[in-house]
file my_file31.txt (compact mmCIF, C-alpha atoms)
# COMPACT_ATOMS: atom_id res chain seq x y z
CA MET A 978 0.00 0.00 0.00
CA GLU A 979 1.38 3.40 -0.90
CA LEU A 980 0.47 6.90 0.24
CA ALA A 981 0.41 9.54 -2.48
CA ARG A 982 -0.17 12.67 -0.43
CA CYS A 983 -1.43 13.67 3.00
CA ARG A 984 -2.05 17.16 4.27
CA ARG A 985 -3.84 18.44 7.32
CA ASP A 986 -7.58 18.53 6.75
CA PRO A 987 -9.17 21.49 8.54
CA GLY A 988 -12.66 20.07 8.07
CA THR A 989 -15.77 22.20 7.85
CA GLY A 990 -18.15 20.53 10.25
CA TRP A 991 -21.10 22.19 8.57
CA LEU A 992 -23.42 19.20 8.83
CA ASN A 993 -21.81 17.19 11.61
CA ASP A 994 -20.16 18.04 14.93
CA ILE A 995 -16.66 16.97 13.96
CA ASN A 996 -15.06 18.55 17.04
CA GLY A 997 -17.38 16.77 19.46
CA PHE A 998 -15.17 13.64 19.65
CA HIS A 999 -18.23 11.41 19.64
CA VAL A 1000 -16.39 8.41 18.14
CA LYS A 1001 -14.80 6.46 20.99
CA PRO A 1002 -12.15 3.71 20.86
CA GLU A 1003 -14.81 1.05 21.37
CA ASP A 1004 -16.64 2.34 18.26
CA VAL A 1005 -13.49 1.93 16.20
CA TRP A 1006 -12.87 -1.60 17.48
CA HIS A 1007 -16.49 -2.54 16.84
CA ALA A 1008 -16.23 -1.29 13.25
CA LEU A 1009 -13.07 -3.33 12.67
CA ASP A 1010 -14.44 -6.46 14.32
CA SER A 1011 -17.74 -6.33 12.44
CA ALA A 1012 -16.25 -5.61 9.00
CA HIS A 1013 -17.07 -8.32 6.45
CA GLY A 1014 -16.80 -8.94 2.75
CA VAL A 1015 -19.96 -7.41 1.37
CA ARG A 1016 -20.52 -4.49 -0.95
CA TRP A 1017 -19.59 -1.13 0.49
CA ARG A 1018 -22.63 1.02 1.14
CA ARG A 1019 -22.74 4.05 -1.08
CA GLY A 1020 -24.32 7.41 -0.46
CA ALA A 1021 -24.66 9.49 2.69
CA VAL A 1022 -23.80 6.69 5.11
CA GLY A 1023 -20.91 6.10 7.49
CA GLY A 1024 -18.10 8.56 6.86
CA GLY A 1025 -20.05 9.93 3.90
CA THR A 1026 -22.94 11.16 6.05
CA GLY A 1027 -21.64 14.69 6.47
CA MET A 1028 -19.90 15.02 3.11
CA ILE A 1029 -20.52 18.12 0.98
CA CYS A 1030 -19.28 17.99 -2.61
CA TYR A 1031 -19.23 21.12 -4.78
CA GLU A 1032 -21.64 22.65 -2.24
CA PHE A 1033 -24.22 19.93 -2.91
CA LYS A 1034 -24.92 16.97 -0.63
CA GLY A 1035 -22.24 14.37 -1.21
CA GLY A 1036 -21.26 11.02 0.21
CA ASN A 1037 -19.48 7.79 -0.67
CA GLY A 1038 -18.95 7.21 -4.37
CA THR A 1039 -17.40 4.28 -6.20
CA ALA A 1040 -16.81 3.02 -9.72
CA SER A 1041 -14.65 0.40 -11.42
CA ARG A 1042 -13.20 -0.68 -14.73
CA LYS A 1043 -12.37 -4.12 -16.11
CA LEU A 1044 -9.28 -4.38 -18.28
CA ILE A 1045 -8.76 -7.15 -20.84
CA SER A 1046 -5.11 -7.82 -21.63
CA GLY A 1047 -5.85 -9.02 -25.18
CA ARG A 1048 -3.36 -11.83 -24.69
CA LYS A 1049 -4.39 -15.46 -24.26
CA VAL A 1050 -2.21 -16.46 -21.37
CA ARG A 1051 -4.35 -18.98 -19.51
CA LYS A 1052 -4.35 -22.70 -20.18
CA ASP A 1053 -7.99 -22.58 -21.24
CA GLY A 1054 -7.14 -20.01 -23.90
CA ALA A 1055 -8.97 -17.17 -22.10
CA GLU A 1056 -7.61 -13.65 -22.06
CA GLN A 1057 -6.21 -12.34 -18.81
CA SER A 1058 -8.19 -9.53 -17.20
CA PHE A 1059 -7.80 -7.18 -14.25
CA VAL A 1060 -10.19 -4.95 -12.31
CA VAL A 1061 -9.50 -1.45 -10.98
CA GLY A 1062 -11.91 0.04 -8.44
CA VAL A 1063 -11.98 3.48 -6.82
CA PHE A 1064 -13.79 4.43 -3.61
CA LEU A 1065 -14.19 8.13 -2.81
CA GLN A 1066 -15.25 10.31 0.09
CA ALA A 1067 -15.42 13.93 -1.00
CA ASN A 1068 -15.91 17.04 1.09
CA PHE A 1069 -14.60 19.80 -1.17
CA GLY A 1070 -15.26 22.10 -4.13
CA ARG A 1071 -17.13 25.28 -4.93
CA ARG A 1072 -20.38 24.98 -6.86
CA ALA A 1073 -19.17 27.03 -9.82
CA GLN A 1074 -16.28 24.58 -10.36
CA LEU A 1075 -18.48 21.53 -10.88
CA THR A 1076 -17.95 19.92 -14.28
CA ILE A 1077 -20.16 17.03 -15.45
CA ALA A 1078 -19.58 14.97 -18.61
CA GLY A 1079 -17.15 17.56 -19.90
CA VAL A 1080 -19.51 20.50 -19.40
CA TYR A 1081 -17.10 22.99 -17.84
CA GLN A 1082 -18.32 24.86 -14.74
CA PHE A 1083 -21.69 23.17 -14.99
CA GLY A 1084 -22.46 24.26 -11.44
CA LYS A 1085 -22.66 27.92 -12.45
CA GLY A 1086 -26.10 27.14 -13.85
CA ILE A 1087 -27.43 26.35 -10.37
CA PRO A 1088 -27.13 29.37 -8.05
CA GLY A 1089 -26.46 29.11 -4.34
CA ASP A 1090 -23.53 28.45 -2.03
CA VAL A 1091 -22.58 26.92 1.31
CA TYR A 1092 -19.02 28.18 1.83
CA LYS A 1093 -17.29 31.50 1.34
CA GLN A 1094 -14.10 29.68 0.39
CA GLU A 1095 -13.14 26.10 -0.30
CA SER A 1096 -12.38 24.12 2.85
CA GLY A 1097 -12.61 20.36 2.89
CA SER A 1098 -10.96 17.14 1.89
CA CYS A 1099 -10.98 14.11 -0.37
CA ILE A 1100 -10.15 10.54 0.55
CA ALA A 1101 -9.70 7.98 -2.21
CA VAL A 1102 -8.88 4.27 -2.16
CA VAL A 1103 -7.74 2.56 -5.36
CA ALA A 1104 -7.98 -1.25 -5.32
CA THR A 1105 -6.88 -3.66 -8.02
CA ASP A 1106 -6.07 -7.31 -8.57
CA ALA A 1107 -3.39 -6.39 -11.09
CA PRO A 1108 0.06 -7.46 -9.84
CA LEU A 1109 1.82 -4.19 -9.15
CA LEU A 1110 4.88 -3.20 -7.14
CA PRO A 1111 4.77 -0.48 -4.44
CA ASN A 1112 6.23 2.21 -6.71
CA GLN A 1113 3.62 1.35 -9.36
CA LEU A 1114 0.82 1.61 -6.79
CA LYS A 1115 2.09 5.05 -5.83
CA ARG A 1116 1.76 6.06 -9.47
CA LEU A 1117 -1.84 4.76 -9.48
CA ALA A 1118 -2.69 6.80 -6.38
CA ARG A 1119 -1.41 9.95 -8.03
CA ARG A 1120 -3.76 9.45 -11.00
CA VAL A 1121 -6.73 10.08 -8.69
CA SER A 1122 -5.97 13.81 -8.93
CA LEU A 1123 -6.44 13.65 -12.71
CA GLY A 1124 -9.86 12.05 -12.32
CA LEU A 1125 -10.93 14.64 -9.74
CA ALA A 1126 -9.76 17.42 -12.05
CA ARG A 1127 -12.19 16.15 -14.69
CA THR A 1128 -15.01 16.95 -12.25
CA GLY A 1129 -13.68 20.49 -11.69
CA ALA A 1130 -11.56 19.99 -8.57
CA VAL A 1131 -8.52 22.24 -8.09
CA SER A 1132 -7.42 20.87 -4.68
CA GLY A 1133 -7.56 24.20 -2.90
CA ASN A 1134 -5.44 25.34 0.00
CA GLY A 1135 -7.92 23.96 2.53
CA SER A 1136 -8.24 20.55 0.89
CA GLY A 1137 -6.58 17.74 2.82
CA ASP A 1138 -6.20 15.00 0.22
CA LEU A 1139 -5.39 11.41 1.08
CA PHE A 1140 -5.05 8.86 -1.73
CA ILE A 1141 -3.94 5.26 -1.24
CA ALA A 1142 -3.67 2.30 -3.61
CA PHE A 1143 -3.29 -1.41 -2.98
CA SER A 1144 -3.17 -4.67 -4.92
CA THR A 1145 -4.58 -8.03 -3.88
CA ALA A 1146 -2.08 -9.87 -6.11
CA ASN A 1147 1.02 -11.61 -4.80
CA PRO A 1148 -0.51 -12.74 -1.49
CA ASN A 1149 1.68 -13.83 1.42
CA VAL A 1150 4.91 -12.52 -0.13
CA ALA A 1151 5.86 -11.02 3.24
CA GLY A 1152 5.44 -14.33 5.05
CA PRO A 1153 8.49 -15.48 7.04
CA ASP A 1154 7.86 -19.15 6.22
CA GLN A 1155 10.60 -19.06 3.58
CA ILE A 1156 13.64 -16.93 2.86
CA THR A 1157 12.66 -15.81 -0.65
CA HIS A 1158 9.39 -15.30 -2.49
CA SER A 1159 8.54 -14.94 -6.17
CA VAL A 1160 6.34 -12.04 -7.26
CA THR A 1161 4.70 -11.23 -10.57
CA THR A 1162 4.27 -7.71 -11.89
CA ILE A 1163 3.27 -5.74 -14.96
CA PRO A 1164 5.98 -3.87 -16.90
CA ASN A 1165 5.79 -0.08 -16.69
CA ASP A 1166 5.42 0.10 -20.47
CA LEU A 1167 2.04 -1.65 -20.16
CA MET A 1168 0.66 0.52 -17.36
CA ASP A 1169 -1.20 3.11 -19.45
CA PRO A 1170 -4.56 1.21 -19.56
CA ILE A 1171 -4.45 0.89 -15.76
CA PHE A 1172 -3.74 4.62 -15.38
CA ALA A 1173 -6.70 5.37 -17.65
CA ALA A 1174 -8.93 3.06 -15.61
CA VAL A 1175 -8.07 4.94 -12.40
CA VAL A 1176 -8.81 8.32 -13.98
CA GLN A 1177 -12.11 7.15 -15.49
CA ALA A 1178 -13.31 5.39 -12.34
CA THR A 1179 -12.41 8.42 -10.22
CA GLU A 1180 -14.36 10.74 -12.52
CA GLU A 1181 -17.39 8.43 -12.54
CA GLY A 1182 -17.25 7.93 -8.79
CA GLY A 1183 -17.03 11.70 -8.43
CA ARG A 1184 -20.18 12.27 -10.48
CA GLU A 1185 -21.97 9.58 -8.49
CA ARG A 1186 -21.09 11.04 -5.11
CA VAL A 1187 -22.78 14.34 -5.96
CA SER A 1188 -25.69 13.24 -8.17
CA ARG A 1189 -27.46 10.48 -6.28
CA TYR A 1190 -28.02 11.90 -2.80
CA HIS A 1191 -30.80 13.65 -0.92
CA SER A 1192 -30.83 17.02 0.82
CA MET A 1193 -29.82 16.92 4.47
CA THR A 1194 -30.26 19.06 7.56
CA GLY A 1195 -27.46 18.64 10.10
CA ARG A 1196 -26.32 20.23 13.32
CA ASP A 1197 -27.58 23.70 14.23
CA ASP A 1198 -30.18 23.32 11.44
CA HIS A 1199 -27.48 23.65 8.78
CA ARG A 1200 -28.89 22.42 5.49
CA VAL A 1201 -27.25 21.32 2.27
CA GLU A 1202 -29.35 20.76 -0.83
CA ALA A 1203 -28.93 17.82 -3.14
CA LEU A 1204 -28.10 18.38 -6.79
CA PRO A 1205 -31.54 18.95 -8.40
CA HIS A 1206 -32.01 16.23 -11.02
CA ASP A 1207 -34.56 18.20 -13.03
CA ARG A 1208 -32.15 21.12 -13.31
CA LEU A 1209 -29.34 18.68 -14.12
CA ARG A 1210 -31.30 17.21 -17.05
CA GLU A 1211 -32.27 20.67 -18.28
CA LEU A 1212 -28.72 21.93 -18.30
CA MET A 1213 -27.36 18.79 -19.90
CA LYS A 1214 -29.84 19.11 -22.78
CA ARG A 1215 -28.73 22.68 -23.28
CA PHE A 1216 -25.00 21.99 -23.31
CA ARG A 1217 -24.86 18.63 -25.07
call {"tool": "encode", "arguments": {"input": "my_file31.txt", "output": "structure tokens"}}
result
Amino acid sequence: MELARCRRDPGTGWLNDINGFHVKPEDVWHALDSAHGVRWRRGAVGGGTGMICYEFKGGNGTASRKLISGRKVRKDGAEQSFVVGVFLQANFGRRAQLTIAGVYQFGKGIPGDVYKQESGSCIAVVATDAPLLPNQLKRLARRVSLGLARTGAVSGNGSGDLFIAFSTANPNVAGPDQITHSVTTIPNDLMDPIFAAVVQATEEGGRERVSRYHSMTGRDDHRVEALPHDRLRELMKRFR
């Protein structure tokens, strides 16, 4: 697992009482002990409950891409394939920056604001079953920024961005049961399709985290509106 970048996240706490220290050690241990292999819940749940993305209600977003190598490498003659998935939690962006499907500054067509200046964060996890080395995973994590930029993000001064990437390939290579281990990897010259998959999945996950949620009223009656779907369709017809 490799860390691309980590900066202090000031947090906004507009919807939730982030400085109340309501999460206790026992809550953390319970979450770890009860974790199991099911689909991650998307939307305004868990850590995504208080998320605000481009000054609309945000949450947890995810998307994936399947890559076909085009080379028949298996004994049954099938082509080898890999999957790249991206999970996002976004709490950043000004409304006027929002770009959807290439429509630059789409958000300008929907007036209103929550913040006077950008202050938030973005957390992204890139997961793949492609056999990659740590330095290659670091390169994957850095491609998240390119996908976010497609949605209008500029990673402002107040944005604390944390991107990590991991691979499920080469299991148990750190095991002390033997002195040496063999690992497989993909040459750097063949990495471009994987980079593209990260960028595309990040962009799609970014659109999802701002387009599928409901308005929410949080602490101190602070309210954040969801992206209005009727207005979204109207603007898309105009620009496309």
call {"tool": "closest_residue", "arguments": {"input": "my_file31.txt", "among": "A:Asp1197, A:Phe1059, A:Phe1083, A:Val1091", "to": "Ser1144 of chain A", "atoms": "only C-alpha atoms"}}
result
A:Phe1059
call {"tool": "residues_around", "arguments": {"input": "my_file31.txt", "residues": "segment 1148-1159 of chain A", "least_positions_apart": "6", "cutoff": "12 Å", "atoms": "only C-alpha atoms", "output": "ChimeraX atom specification"}}
result
/A:1106-1110
call {"tool": "closest_residue", "arguments": {"input": "my_file31.txt", "among": "A:Cys1099, A:Val1176, A:Gly1035, A:Phe1069", "to": "Glu1202 of chain A", "atoms": "all atoms listed in the file"}}
result
A:Gly1035
call {"tool": "atom_distance", "arguments": {"input": "my_file31.txt", "atom1": "atom CA of Ala1008 of chain A", "atom2": "atom CA of Gly1025 of chain A"}}
result
15.1 Å
call {"tool": "residues_around", "arguments": {"input": "my_file31.txt", "residues": "Cys1030 of chain A", "least_positions_apart": "3", "cutoff": "12 Å", "atoms": "only C-alpha atoms", "output": "number ranges by chain"}}
result
A: 989, 1020-1021, 1025-1027, 1033-1038, 1065-1076, 1084, 1090-1092, 1095-1099, 1125, 1128-1130, 1136, 1182-1190, 1201-1204
call {"tool": "write_last_selection", "arguments": {"input": "my_file31.txt", "atoms": "C-alpha atoms", "output": "PDB file, keeping the file's coordinate frame"}}
result
ATOM      1  CA  THR A 989     -15.770  22.200   7.850  1.00  0.00           C
ATOM      2  CA  GLY A1020     -24.320   7.410  -0.460  1.00  0.00           C
ATOM      3  CA  ALA A1021     -24.660   9.490   2.690  1.00  0.00           C
ATOM      4  CA  GLY A1025     -20.050   9.930   3.900  1.00  0.00           C
ATOM      5  CA  THR A1026     -22.940  11.160   6.050  1.00  0.00           C
ATOM      6  CA  GLY A1027     -21.640  14.690   6.470  1.00  0.00           C
ATOM      7  CA  PHE A1033     -24.220  19.930  -2.910  1.00  0.00           C
ATOM      8  CA  LYS A1034     -24.920  16.970  -0.630  1.00  0.00           C
ATOM      9  CA  GLY A1035     -22.240  14.370  -1.210  1.00  0.00           C
ATOM     10  CA  GLY A1036     -21.260  11.020   0.210  1.00  0.00           C
ATOM     11  CA  ASN A1037     -19.480   7.790  -0.670  1.00  0.00           C
ATOM     12  CA  GLY A1038     -18.950   7.210  -4.370  1.00  0.00           C
ATOM     13  CA  LEU A1065     -14.190   8.130  -2.810  1.00  0.00           C
ATOM     14  CA  GLN A1066     -15.250  10.310   0.090  1.00  0.00           C
ATOM     15  CA  ALA A1067     -15.420  13.930  -1.000  1.00  0.00           C
ATOM     16  CA  ASN A1068     -15.910  17.040   1.090  1.00  0.00           C
ATOM     17  CA  PHE A1069     -14.600  19.800  -1.170  1.00  0.00           C
ATOM     18  CA  GLY A1070     -15.260  22.100  -4.130  1.00  0.00           C
ATOM     19  CA  ARG A1071     -17.130  25.280  -4.930  1.00  0.00           C
ATOM     20  CA  ARG A1072     -20.380  24.980  -6.860  1.00  0.00           C
ATOM     21  CA  ALA A1073     -19.170  27.030  -9.820  1.00  0.00           C
ATOM     22  CA  GLN A1074     -16.280  24.580 -10.360  1.00  0.00           C
ATOM     23  CA  LEU A1075     -18.480  21.530 -10.880  1.00  0.00           C
ATOM     24  CA  THR A1076     -17.950  19.920 -14.280  1.00  0.00           C
ATOM     25  CA  GLY A1084     -22.460  24.260 -11.440  1.00  0.00           C
ATOM     26  CA  ASP A1090     -23.530  28.450  -2.030  1.00  0.00           C
ATOM     27  CA  VAL A1091     -22.580  26.920   1.310  1.00  0.00           C
ATOM     28  CA  TYR A1092     -19.020  28.180   1.830  1.00  0.00           C
ATOM     29  CA  GLU A1095     -13.140  26.100  -0.300  1.00  0.00           C
ATOM     30  CA  SER A1096     -12.380  24.120   2.850  1.00  0.00           C
ATOM     31  CA  GLY A1097     -12.610  20.360   2.890  1.00  0.00           C
ATOM     32  CA  SER A1098     -10.960  17.140   1.890  1.00  0.00           C
ATOM     33  CA  CYS A1099     -10.980  14.110  -0.370  1.00  0.00           C
ATOM     34  CA  LEU A1125     -10.930  14.640  -9.740  1.00  0.00           C
ATOM     35  CA  THR A1128     -15.010  16.950 -12.250  1.00  0.00           C
ATOM     36  CA  GLY A1129     -13.680  20.490 -11.690  1.00  0.00           C
ATOM     37  CA  ALA A1130     -11.560  19.990  -8.570  1.00  0.00           C
ATOM     38  CA  SER A1136      -8.240  20.550   0.890  1.00  0.00           C
ATOM     39  CA  GLY A1182     -17.250   7.930  -8.790  1.00  0.00           C
ATOM     40  CA  GLY A1183     -17.030  11.700  -8.430  1.00  0.00           C
ATOM     41  CA  ARG A1184     -20.180  12.270 -10.480  1.00  0.00           C
ATOM     42  CA  GLU A1185     -21.970   9.580  -8.490  1.00  0.00           C
ATOM     43  CA  ARG A1186     -21.090  11.040  -5.110  1.00  0.00           C
ATOM     44  CA  VAL A1187     -22.780  14.340  -5.960  1.00  0.00           C
ATOM     45  CA  SER A1188     -25.690  13.240  -8.170  1.00  0.00           C
ATOM     46  CA  ARG A1189     -27.460  10.480  -6.280  1.00  0.00           C
ATOM     47  CA  TYR A1190     -28.020  11.900  -2.800  1.00  0.00           C
ATOM     48  CA  VAL A1201     -27.250  21.320   2.270  1.00  0.00           C
ATOM     49  CA  GLU A1202     -29.350  20.760  -0.830  1.00  0.00           C
ATOM     50  CA  ALA A1203     -28.930  17.820  -3.140  1.00  0.00           C
ATOM     51  CA  LEU A1204     -28.100  18.380  -6.790  1.00  0.00           C
TER      52      LEU A1204
END
call {"tool": "residues_around", "arguments": {"input": "my_file31.txt", "residues": "Gly1195 of chain A", "least_positions_apart": "4", "cutoff": "8 Å", "atoms": "only C-alpha atoms", "output": "number ranges by chain"}}
result
A: 991-993, 1027, 1199-1200
